[in-house]
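Q: Here it is, the structure in full.
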Amino acid sequence: MKAPIPLLFIALVFANSAIAAELTLELPKTTWVLQQGSPPLQQREGQVLPAENETVQKMLPLLNERKPEAALQQIKVRYPDLMEQLEAGDPKGTVRERVVTGDPFSPPRNNGISATMLYLIGNAYVAAKNYNAAEVAFKTALNVMPDFIRIHESYGLMLLVTERYKEALRQLSRAAQLGLNTPNLFGALGYANDRLDNHFGAVSGYQMAMMLEPDNEQWQLGLLTNLTSSKQYSSGLAFVDQLLNTRPNDAELWIYRSSLQLEAGNKQQGLDSLEAAIRLGNDSLANLQVCASLHMEIGSVERAVSLLKTGMGKGLEFRFVDQSLGWLAAHEQWSPMQKLLDETNKNQSGLSDVQQSRVLLHRASFSLHNNESVPAKNNLQQAITLDPANAEALLALGQLYHKEKNYGQAELLLQRASASPAFKDNALLLLAQVAIDQHNYTRGLQILRSIYAANPGRADLARNISTLEDLEQLENKN
């Protein structure tokens with residue numbers, strides 16, 4: 001009679017699967033609002049006026065030779081009043097009134113200056129890092145030629161340099177809308193989107209730049225960074241592996257590969273790539289720290305300590321060494337811990353009193369492992385002398401005195417340790433034990449109840465309190 005039950009169960013499973021296969025989520029409906037056609041484009045490239053040709057011929061070679069100050073000087077010889085107004089911000093609009101398109105069919109204007117001339121002047125100011133004057137020149141030219149494509153590009157690039165990313169994106173996007181399709185423009189759009197945390201937009205920009213200029217390492221690294229930031233790990237790994245096929249000794253690419261693997265949760269593969277980068281010379285402190293941490297986590301403790309020792313020679317922060325020593329002690333990695341302590345001793349003179357106190361604490365931990373209570377106690381006492389607020393050392397020394405039944409010293413040290421929020425509960429629990437060991441159950445109960453009041457979820461404390469209450473009653477009866 002029991003045999004049909006499994007068959008019935010199987011039939012139900014298949015039936016449910018068939019029903020599930022027919023189900024489809026109803027996605028939100030999207031309403032598209034289609035815009036009308038764009039207005040006709042105005043003139044997108046400008047021309048200089050005939051009277052400006054001589055000045056342009058003198059300044060352009062200087063700009064190409066990256067001599068912007070000399071180029072600006074040439075312009076000031078010809079247009080001293082114009083330059084003065086631009087550098088002052090054109091407060092009265094004097095320059096704005098003089099600008100013309102430069103088109104042969106545009107009406108002439110006395111003392112006119114072409115938008116193209118202002119474009120060149122603006123670029124000279126950008127090269128000379130006078131961004132305020134450059135912005136006045138660009139904006140003034142755009143007043144008469146709002147579709148001047150090169151100005152939108154140059155103005156946008158200047159805004160990127162000055163970290164005005166939203167404004168930069170507007171200018172660069174307008175240059176693209178007007179038809180400019182250079183790899184530099186798309187790369188700049190990628191960078192602007194990256195700075196604005198629009199990583200999917202940045203990916204698109206860098207991909208367009210790479211389509212036109214595939215070997216540009218700047219676009220490649222920008223794309224890799226944003227594939228990581230947008231969590232496109234599979235695409236990022238496929239891309240970095242493609243680049244490594246032609247540049248297998250590029251340490252930066254191995255770092256990117258490591259980052260992508262780690263972000264995807266593949267720790268061993270990330271560690272392997274990081275080790276490759278370190279072998280190729282990218283052994284920055286940050287990378288050594290990450291590599292050491294991964295080795296500790298995965299289990300290659302000896303390699304981790306070797307990396308830490310290398311890092312200490314490069315100025316590794318003591319904070320990281322301190323954490324590593326604590327981790328090694330907690331995981332009972334005593335031999336590697338001894339090696340790291342020996343290396344720390346070589347740099348003892350460069351440590352502050354607080355840092356030396358931490359080293360002495362770790363030495364005491366090592367001594368206790370070897371059942372050497374006397375040197376452990378000496379190290380802990382020195383640690384407290386150097387840093388009276390070292391609560392961990394106070395707690396450890398209090399434990400030692402408690403084991404020796406030196407309850408008076410233990411209580412003094414544990415009271416001091418309880419002042420630290422991080423060690424308060426442990427210190428109070430030990431104080432309660434000191435009281436109980438001396439048959440002072442009332443005192444022990446007071447301490448346990450104070451801990452339980454702050455941690456009502458601890459069932460173990462509730463049980464201990466109940467047991468201690470029974471002991472107190474027995475003591476009172478006797």
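Starting from 1 in every chain, residues are counted up; chains themselves are A, B, ... following the order of the structure tokens, and ligands are numbered from 1 as listed.
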Please provide as an NGL selection string all residues within 10 Å of Ile436 of chain A, with the sequence filter that same-chain residues fewer than 5 positions apart are discarded (counting only C-alpha atoms).
A: :A and (430-431 or 441-445 or 468 or 471)
Q: Near segment 338-348 of chain A, within 12 Å and counting only C-alpha atoms, which residues show up once chain neighbours fewer than 2 positions away are dropped, as a ChimeraX atom specification?
A: /A:301-318,320-329,332-336,350-367,369-370
Q: Mind writing the picked residues with C-alpha atoms as a JSON list (two decimals), in the first residue's frame?
A:
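Dumped everything to again18.json:
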```json
[["chain", "number", "residue", "atom", "x", "y", "z"],
["A", 301, "VAL", "CA", 50.39, 31.75, 6.50],
["A", 302, "GLU", "CA", 54.14, 31.52, 5.83],
["A", 303, "ARG", "CA", 53.72, 33.38, 2.54],
["A", 304, "ALA", "CA", 51.56, 35.98, 4.29],
["A", 305, "VAL", "CA", 54.26, 36.65, 6.88],
["A", 306, "SER", "CA", 56.89, 36.89, 4.13],
["A", 307, "LEU", "CA", 54.80, 39.55, 2.38],
["A", 308, "LEU", "CA", 54.29, 41.42, 5.65],
["A", 309, "LYS", "CA", 58.02, 41.45, 6.30],
["A", 310, "THR", "CA", 58.60, 42.90, 2.82],
["A", 311, "GLY", "CA", 55.91, 45.48, 3.49],
["A", 312, "MET", "CA", 57.51, 46.50, 6.78],
["A", 313, "GLY", "CA", 60.66, 47.33, 4.85],
["A", 314, "LYS", "CA", 58.55, 49.63, 2.66],
["A", 315, "GLY", "CA", 56.89, 51.42, 5.57],
["A", 316, "LEU", "CA", 53.87, 49.21, 6.23],
["A", 317, "GLU", "CA", 51.51, 50.80, 8.77],
["A", 318, "PHE", "CA", 51.94, 49.34, 12.26],
["A", 320, "PHE", "CA", 48.22, 46.31, 9.89],
["A", 321, "VAL", "CA", 51.12, 44.49, 11.57],
["A", 322, "ASP", "CA", 49.27, 44.68, 14.90],
["A", 323, "GLN", "CA", 46.12, 43.17, 13.38],
["A", 324, "SER", "CA", 48.15, 40.41, 11.73],
["A", 325, "LEU", "CA", 49.90, 39.49, 14.98],
["A", 326, "GLY", "CA", 46.52, 39.29, 16.71],
["A", 327, "TRP", "CA", 45.13, 37.10, 13.91],
["A", 328, "LEU", "CA", 48.12, 34.74, 14.09],
["A", 329, "ALA", "CA", 47.73, 34.37, 17.86],
["A", 332, "GLU", "CA", 47.49, 29.56, 16.96],
["A", 333, "GLN", "CA", 50.01, 30.18, 14.18],
["A", 334, "TRP", "CA", 52.87, 30.49, 16.65],
["A", 335, "SER", "CA", 55.88, 29.85, 14.40],
["A", 336, "PRO", "CA", 54.89, 32.48, 11.79],
["A", 350, "GLY", "CA", 60.45, 53.80, 15.19],
["A", 351, "LEU", "CA", 57.41, 52.83, 17.23],
["A", 352, "SER", "CA", 55.47, 55.07, 19.61],
["A", 353, "ASP", "CA", 54.83, 54.10, 23.24],
["A", 354, "VAL", "CA", 51.32, 52.94, 22.36],
["A", 355, "GLN", "CA", 52.63, 50.81, 19.49],
["A", 356, "GLN", "CA", 55.39, 49.31, 21.64],
["A", 357, "SER", "CA", 52.72, 48.48, 24.21],
["A", 358, "ARG", "CA", 50.87, 46.49, 21.56],
["A", 359, "VAL", "CA", 54.03, 44.58, 20.61],
["A", 360, "LEU", "CA", 54.64, 43.69, 24.26],
["A", 361, "LEU", "CA", 51.06, 42.41, 24.49],
["A", 362, "HIS", "CA", 51.70, 40.08, 21.54],
["A", 363, "ARG", "CA", 54.98, 38.92, 23.08],
["A", 364, "ALA", "CA", 53.11, 38.12, 26.27],
["A", 365, "SER", "CA", 50.58, 36.10, 24.25],
["A", 366, "PHE", "CA", 53.46, 34.12, 22.73],
["A", 367, "SER", "CA", 55.01, 33.53, 26.15],
["A", 369, "HIS", "CA", 51.45, 29.80, 24.75],
["A", 370, "ASN", "CA", 54.82, 28.46, 25.88]]
```
Q: Would you return as an NGL selection string the members of segment 356-431 of chain A that DSSP assigns to alpha helix (DSSP H) on this structure's backbone?
A: :A and (356-369 or 373-386 or 391-403 or 407-417 or 424-431)
Q: Any chance you can output those residues with C-alpha atoms as a compact mmCIF listing (two decimals), in the first residue's frame?
A:
```txt
# COMPACT_ATOMS: atom_id res chain seq x y z
CA GLN A 356 55.39 49.31 21.64
CA SER A 357 52.72 48.48 24.21
CA ARG A 358 50.87 46.49 21.56
CA VAL A 359 54.03 44.58 20.61
CA LEU A 360 54.64 43.69 24.26
CA LEU A 361 51.06 42.41 24.49
CA HIS A 362 51.70 40.08 21.54
CA ARG A 363 54.98 38.92 23.08
CA ALA A 364 53.11 38.12 26.27
CA SER A 365 50.58 36.10 24.25
CA PHE A 366 53.46 34.12 22.73
CA SER A 367 55.01 33.53 26.15
CA LEU A 368 51.70 32.31 27.59
CA HIS A 369 51.45 29.80 24.75
CA SER A 373 54.08 33.07 32.90
CA VAL A 374 56.93 35.15 34.34
CA PRO A 375 58.08 36.74 31.02
CA ALA A 376 54.42 37.08 30.02
CA LYS A 377 53.68 38.99 33.22
CA ASN A 378 56.76 41.20 32.74
CA ASN A 379 55.74 42.02 29.16
CA LEU A 380 52.22 42.88 30.23
CA GLN A 381 53.39 45.11 33.06
CA GLN A 382 55.72 46.96 30.65
CA ALA A 383 52.85 47.27 28.16
CA ILE A 384 50.64 48.92 30.79
CA THR A 385 53.46 51.23 31.86
CA LEU A 386 53.91 52.43 28.25
CA ALA A 391 42.69 47.52 28.09
CA GLU A 392 43.64 44.25 26.42
CA ALA A 393 46.90 44.12 28.41
CA LEU A 394 45.05 45.05 31.62
CA LEU A 395 42.57 42.22 31.00
CA ALA A 396 45.33 39.68 30.23
CA LEU A 397 47.34 40.62 33.31
CA GLY A 398 44.17 40.52 35.45
CA GLN A 399 43.57 36.97 34.20
CA LEU A 400 47.09 35.97 35.20
CA TYR A 401 46.66 37.34 38.71
CA HIS A 402 43.29 35.62 38.95
CA LYS A 403 44.89 32.28 38.10
CA TYR A 407 42.46 38.53 43.83
CA GLY A 408 43.30 42.03 45.01
CA GLN A 409 45.63 42.77 42.06
CA ALA A 410 43.27 41.02 39.66
CA GLU A 411 40.33 43.16 40.74
CA LEU A 412 42.27 46.42 40.40
CA LEU A 413 43.37 45.56 36.85
CA LEU A 414 39.97 44.29 35.76
CA GLN A 415 38.26 47.42 37.07
CA ARG A 416 40.56 49.50 34.87
CA ALA A 417 39.97 47.22 31.87
CA LYS A 424 33.95 45.93 29.38
CA ASP A 425 31.84 42.74 29.36
CA ASN A 426 34.84 40.39 29.51
CA ALA A 427 36.41 42.38 32.33
CA LEU A 428 33.14 42.41 34.31
CA LEU A 429 32.66 38.67 33.82
CA LEU A 430 36.12 38.07 35.22
CA LEU A 431 35.37 40.42 38.11
```
